[in-house]
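Below: the structure, in structure tokens.
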Amino acid sequence: MGLEITPGFSEPLGASPDADGANFALFSAHAEKIELCLFDGEGKREVARLALPNRSGDLWHGYVPGIGADVRYGYRVHGPYAPQEGHRFNPNKLLIDPYARRLDRPFVLKDVHFGYKPAEGDLSFDARDSADETPKCVLVAAPGNARSSRLGTPWRDTILYELHVRGMTMRRQEFAPAARGTLAALASPQIVAHLKDLGVTAVELMPVHPIGDEPRLVKLGLRNYWGYNPVNFFAVEPRYARAPDSGREFRDFAAALHEAGIEVILDVVFNHTAEGNELGPTLSFRGIDNASYYMLPHQDRRRYVNHSCCGNTLNVAHPRVRALVKDALVHWAKAGADGFRFDLAATLGREGESDSWSPDGLIAEIAAHPELSSLKLIAEPWDTGPGGYRLGAFPVPYREWNGRFRDGVRRYWRGNARAGEFATRLSGSSDVVPAKGPLASINFVTAHDGFSLQDLASYNEKHNWENGEGNADGSNENYSWNCGAEGPSEDRDIRALRARQKRNLIATLLLSQGVPMLRAGDELGQTQRGNNNPYCQDNETSWLDWRPMKPDDAAFLRFVQHAIAVRRGNEAFRRETFYSGAERRGGGKDIVWLYPKDREMTAADWDSSSAFGCAFGDDGRFTLLANPTSLAVTFIVPAAEGGPWETVLDTADEGETHSRVARGGMRALQAHSLVLMKEARE
């Protein structure tokens, strides 16, 4: 192929086609030479190798006339291979453009991807060419703004639903095999109808970026299913798209959900990449400029700072790395994303190998960005580095995953926690986010990481043997309760108690102040057979089971729908400010904490009693009663101001019956149950 290359332009980074050709721009501060490699239409044969002819500062660039969309390409970057100095250049390894918007196939890790000889250690040098085994970048035109308008659902009305693109539809038999596990299937009328019938307002997609499998998993014949191991931040994992144009498929998916009134939140991983530590492969960033893209210890540049517990940490102190992160977020916002959940977001506040942390760098820049500040921004406010638990430290407009809500609610319903912490979580976690209000707390009792809701009520211990780590992986602190038997049980009483515990947990989640997040599959009774870390289980352990539901599972689905409807229909559960206990207009307090024996809770009661209640609300009053003990408790219900109390939800009877009590009277609360009553206006 007789192609020429001209100097081109340093911006924008990445590959940018126009009517006459395409511009290529790549950042590297320490490279000595960069070659653009072009491939045939199947991405198998290298047809041209062109040195980028110009360098503007640390931006290398060139323009190739006469080429257009769908051209396959990659880079070879020359420079010193000096691991002790932090440099790992190896031009024999074809590299993925960090700004590539499409890859032509998934990554399949091979020995040839390592920049060193695996048998000799990372100080050796491997001269084998990796091009045959490396996905090629695909030249695509920069997309315009998404064709659907952003919904802008207020946080107070938001109900999140965390799901995995592949796992959501792999077992939907009505879809063609090639369509299962794709964004197209996720946008199907059947899935959209399920989401709407459930009542959620936003889906939070686990990572959709191209995935690199860890070497250990490859040896075991497993895959990184969850996707928290990215190779690139601008493209869609090829397995998640049915159409070759994966970017278009994402945009169509987002438009379909927006039409149904459902927002799209992307889980993004900017704390590390799939290249791992010094023994990992050379796929992109490591071979382009290892010393700039990654945090390296000053005293040993051969190693990597590892605040992610995944081998490396992106160097967000570097301005070009910060720009990469913000450019990727803007790219997805233009494609239809309504917001982002930042995995291990505390890492974004680390700007060196020290233990110091600050939200004033990249975290603040994202919050102030004109194209990002109005989106939904959610932080997982911790990482695995020193002092990494930063819950409550993220500035406005970030919301934060509240791990203390998860743990406190689980402990309470397991029966070994007092009422005080549970009441704090129920009322919005004012101890965690005192200045930002309850809507800063993303509440959850289950998520992708940990037991499913069914397993939370079925297992005391994790059972992760199939992960190949000797059951050493995954958390040991699950605060779960098997209700009397470990794993599946045909005992009628145990099954009934498990169903009640599930109702207690989901009702607490949906009736608490804050923003609730449900885990996909919990409403269907999904089990992972006790695996609380199925990150590598791309199989029926993780995929949702859509077969006809058993009666108890169908009843639980109706309960979840009912609890969501209660939340959405009553402003008392969607406050922007904390209840204060102060007098409200017209008399009475905005919330009163109730001891079972017809009086308010005292300081001593919070420490000694686990059954309690509260009466709250402004426009319409509610009373909520909770009893995690194994004995029934009788409450004296406070006098109602309007009509009698009507039971809206009772976890002892699946919440499907309604009854009334007098304006003030006795209310028996069954063991392990929660009741919500509303003042019935007459």
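Here, A, B, ... name the chains of the structure tokens in the order displayed, residue numbers run from 1 inside each chain, and ligands are numbered from 1 in the same displayed order.
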For region 151-222 of chain A against region 468-483 of chain A, with a cut-off of 12 Å and counting only C-alpha atoms, what is the closest atom pair and its distance in Å to one decimal for every residue that makes the cut, ordered by chain and number, as JSON lines?
```
{"residue": "A:Arg216", "atom": "CA", "partner": "A:Gly468", "partner_atom": "CA", "distance": 9.3}
{"residue": "A:Leu217", "atom": "CA", "partner": "A:Gly468", "partner_atom": "CA", "distance": 8.5}
{"residue": "A:Val218", "atom": "CA", "partner": "A:Gly468", "partner_atom": "CA", "distance": 11.4}
{"residue": "A:Lys219", "atom": "CA", "partner": "A:Gly468", "partner_atom": "CA", "distance": 10.3}
{"residue": "A:Leu220", "atom": "CA", "partner": "A:Gly468", "partner_atom": "CA", "distance": 7.4}
{"residue": "A:Gly221", "atom": "CA", "partner": "A:Gly468", "partner_atom": "CA", "distance": 10.1}
{"residue": "A:Leu222", "atom": "CA", "partner": "A:Gly468", "partner_atom": "CA", "distance": 9.2}
```
Residues of region 408-503 of chain A within 9 Å of region 518-542 of chain A: nearest atom pair and distance (Å, one decimal) for each, counting only C-alpha atoms, sorted by chain and number, as a tab-separated table?
```
residue	atom	partner	partner_atom	distance
A:Asn443	CA	A:Leu518	CA	8.8
A:Phe444	CA	A:Leu518	CA	6.6
A:Val445	CA	A:Leu518	CA	7.9
A:Thr446	CA	A:Arg519	CA	6.0
A:Ala447	CA	A:Arg519	CA	5.2
A:His448	CA	A:Arg519	CA	6.8
A:Asp449	CA	A:Asn533	CA	6.0
A:Gly450	CA	A:Asn532	CA	4.2
A:Phe451	CA	A:Asn532	CA	4.5
A:Ser452	CA	A:Thr527	CA	6.2
A:Leu453	CA	A:Asp522	CA	5.5
A:Gln454	CA	A:Gly525	CA	5.6
A:Asp455	CA	A:Gly530	CA	5.8
A:Leu456	CA	A:Gly530	CA	8.4
A:Ser458	CA	A:Gly530	CA	7.9
A:Tyr459	CA	A:Gly530	CA	6.2
A:Asn460	CA	A:Gly530	CA	8.8
A:Glu461	CA	A:Gly530	CA	7.5
A:Lys462	CA	A:Gly530	CA	5.5
A:His463	CA	A:Asn531	CA	4.9
A:Asn464	CA	A:Asn531	CA	4.7
A:Trp465	CA	A:Asn531	CA	8.0
A:Glu466	CA	A:Gln537	CA	8.3
A:Asn467	CA	A:Cys536	CA	6.6
A:Asp473	CA	A:Asn533	CA	7.1
A:Gly474	CA	A:Asn533	CA	5.1
A:Ser475	CA	A:Asn532	CA	7.3
A:Asn478	CA	A:Asn532	CA	8.6
A:Gly487	CA	A:Gly530	CA	7.2
A:Pro488	CA	A:Arg529	CA	8.3
```
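Ranking A:Asn402, A:Gln513, A:Ser188, A:Gln84 by their shortest atom-to-atom distance to Arg303 (chain A), with only C-alpha atoms included, puts A:Gln84 first.
Between CA of Asp40 (chain A) and CA of Val108 (chain A) there is a distance of 20.1 Å.
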Contacts of Leu26 (chain A) at 7 Å or less, counting only C-alpha atoms, minus same-chain residues fewer than 6 places along, as number ranges by chain?
-> A: 13-14, 59-61
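Using only C-alpha atoms, the nearest neighbour of Glu576 (chain A) within the list A:Pro210, A:Pro65, A:Pro281, A:Pro438 is A:Pro438.
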Using only C-alpha atoms, which residues of region 133-230 of chain A come within 12 Å of region 498-512 of chain A, and what is the closest atom pair for each, with the distance in Å to one decimal? Give it as a Markdown table, sorted by chain and residue number.
```
| residue | atom | partner | partner_atom | distance |
| --- | --- | --- | --- | --- |
| A:Arg156 | CA | A:Ser512 | CA | 11.8 |
| A:Asp157 | CA | A:Leu510 | CA | 11.6 |
| A:Thr158 | CA | A:Leu510 | CA | 11.0 |
| A:Ile159 | CA | A:Leu510 | CA | 8.7 |
| A:Leu160 | CA | A:Leu510 | CA | 10.8 |
| A:Gly199 | CA | A:Leu510 | CA | 11.5 |
| A:Val200 | CA | A:Leu510 | CA | 11.1 |
```
Out of A:His113, A:Arg350, A:Arg102, A:Arg166, which residue has the shortest atom-to-atom distance to His307 (chain A) when counting only C-alpha atoms?
-> A:Arg350
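In terms of minimum interatomic distance to Gly79 (chain A), A:Ala31 ranks closest within A:Met170, A:Val236, A:Ala632, A:Ala31, counting only C-alpha atoms.
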Could you list, as a short mmCIF file (atom, residue, chain, number, x, y, z; two decimals) with C-alpha atoms, in the first residue's frame, every residue within 10 Å of region 243-255 of chain A, counting only C-alpha atoms and ignoring same-chain residues fewer than 5 positions away?
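Dumped to out16.cif:
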```
data_model
loop_
_atom_site.label_atom_id
_atom_site.label_comp_id
_atom_site.auth_asym_id
_atom_site.auth_seq_id
_atom_site.Cartn_x
_atom_site.Cartn_y
_atom_site.Cartn_z
CA ASP A 70 -13.06 1.09 9.18
CA ARG A 101 -13.28 4.14 19.87
CA ARG A 102 -13.63 0.59 18.57
CA LEU A 103 -11.68 -2.67 18.67
CA ASP A 104 -12.23 -5.34 16.04
CA ARG A 105 -12.33 -8.29 18.46
CA VAL A 138 -10.84 0.59 14.07
CA VAL A 140 -14.34 5.57 13.20
CA PRO A 143 -19.84 10.75 16.93
CA ASN A 145 -24.28 14.17 20.49
CA ALA A 146 -26.69 11.36 21.32
CA ARG A 147 -29.96 11.53 19.43
CA SER A 148 -32.02 11.27 22.62
CA SER A 149 -32.29 14.11 25.09
CA ARG A 150 -31.03 13.62 28.64
CA ALA A 178 -25.71 -14.23 18.80
CA ALA A 179 -27.86 -11.52 20.39
CA THR A 182 -25.39 -7.70 24.02
CA LEU A 183 -26.52 -4.11 24.33
CA ALA A 184 -29.05 -4.78 21.59
CA ALA A 185 -30.68 -7.47 23.75
CA LEU A 186 -30.57 -5.17 26.76
CA ALA A 187 -32.52 -2.59 24.74
CA SER A 188 -35.17 -5.15 23.72
CA VAL A 208 -18.62 -1.93 29.24
CA PHE A 234 -13.41 4.76 24.84
CA ALA A 235 -14.55 1.53 23.18
CA VAL A 236 -17.21 -1.08 23.97
CA GLU A 237 -16.14 -4.62 24.85
CA PRO A 238 -16.67 -6.38 21.47
CA ALA A 260 -38.73 4.40 28.26
CA GLY A 261 -37.83 7.03 30.87
CA ILE A 262 -34.79 5.15 32.19
CA GLU A 263 -31.37 6.74 32.64
CA VAL A 264 -28.04 5.07 31.85
CA ILE A 265 -25.18 5.21 34.39
CA TRP A 332 -19.64 8.62 26.82
CA LYS A 334 -22.13 12.47 24.14
CA ALA A 335 -23.02 8.84 23.40
CA GLY A 336 -25.97 8.98 25.82
CA ALA A 337 -24.63 8.26 29.32
CA ASP A 338 -26.48 10.16 32.04
#
```
Show which residues sit within 9 Å of Phe107 (chain A), as a ChimeraX atom specification. Count only C-alpha atoms, and ignore same-chain residues fewer than 6 positions away.
-> /A:133-135,210-213,231,238
For Pro12 (chain A): contacts at 9 Å, only C-alpha atoms, fewer than 4 positions along chain excluded, given as a list in words = Ser16, Asn23, Phe24 and Ala25 of chain A
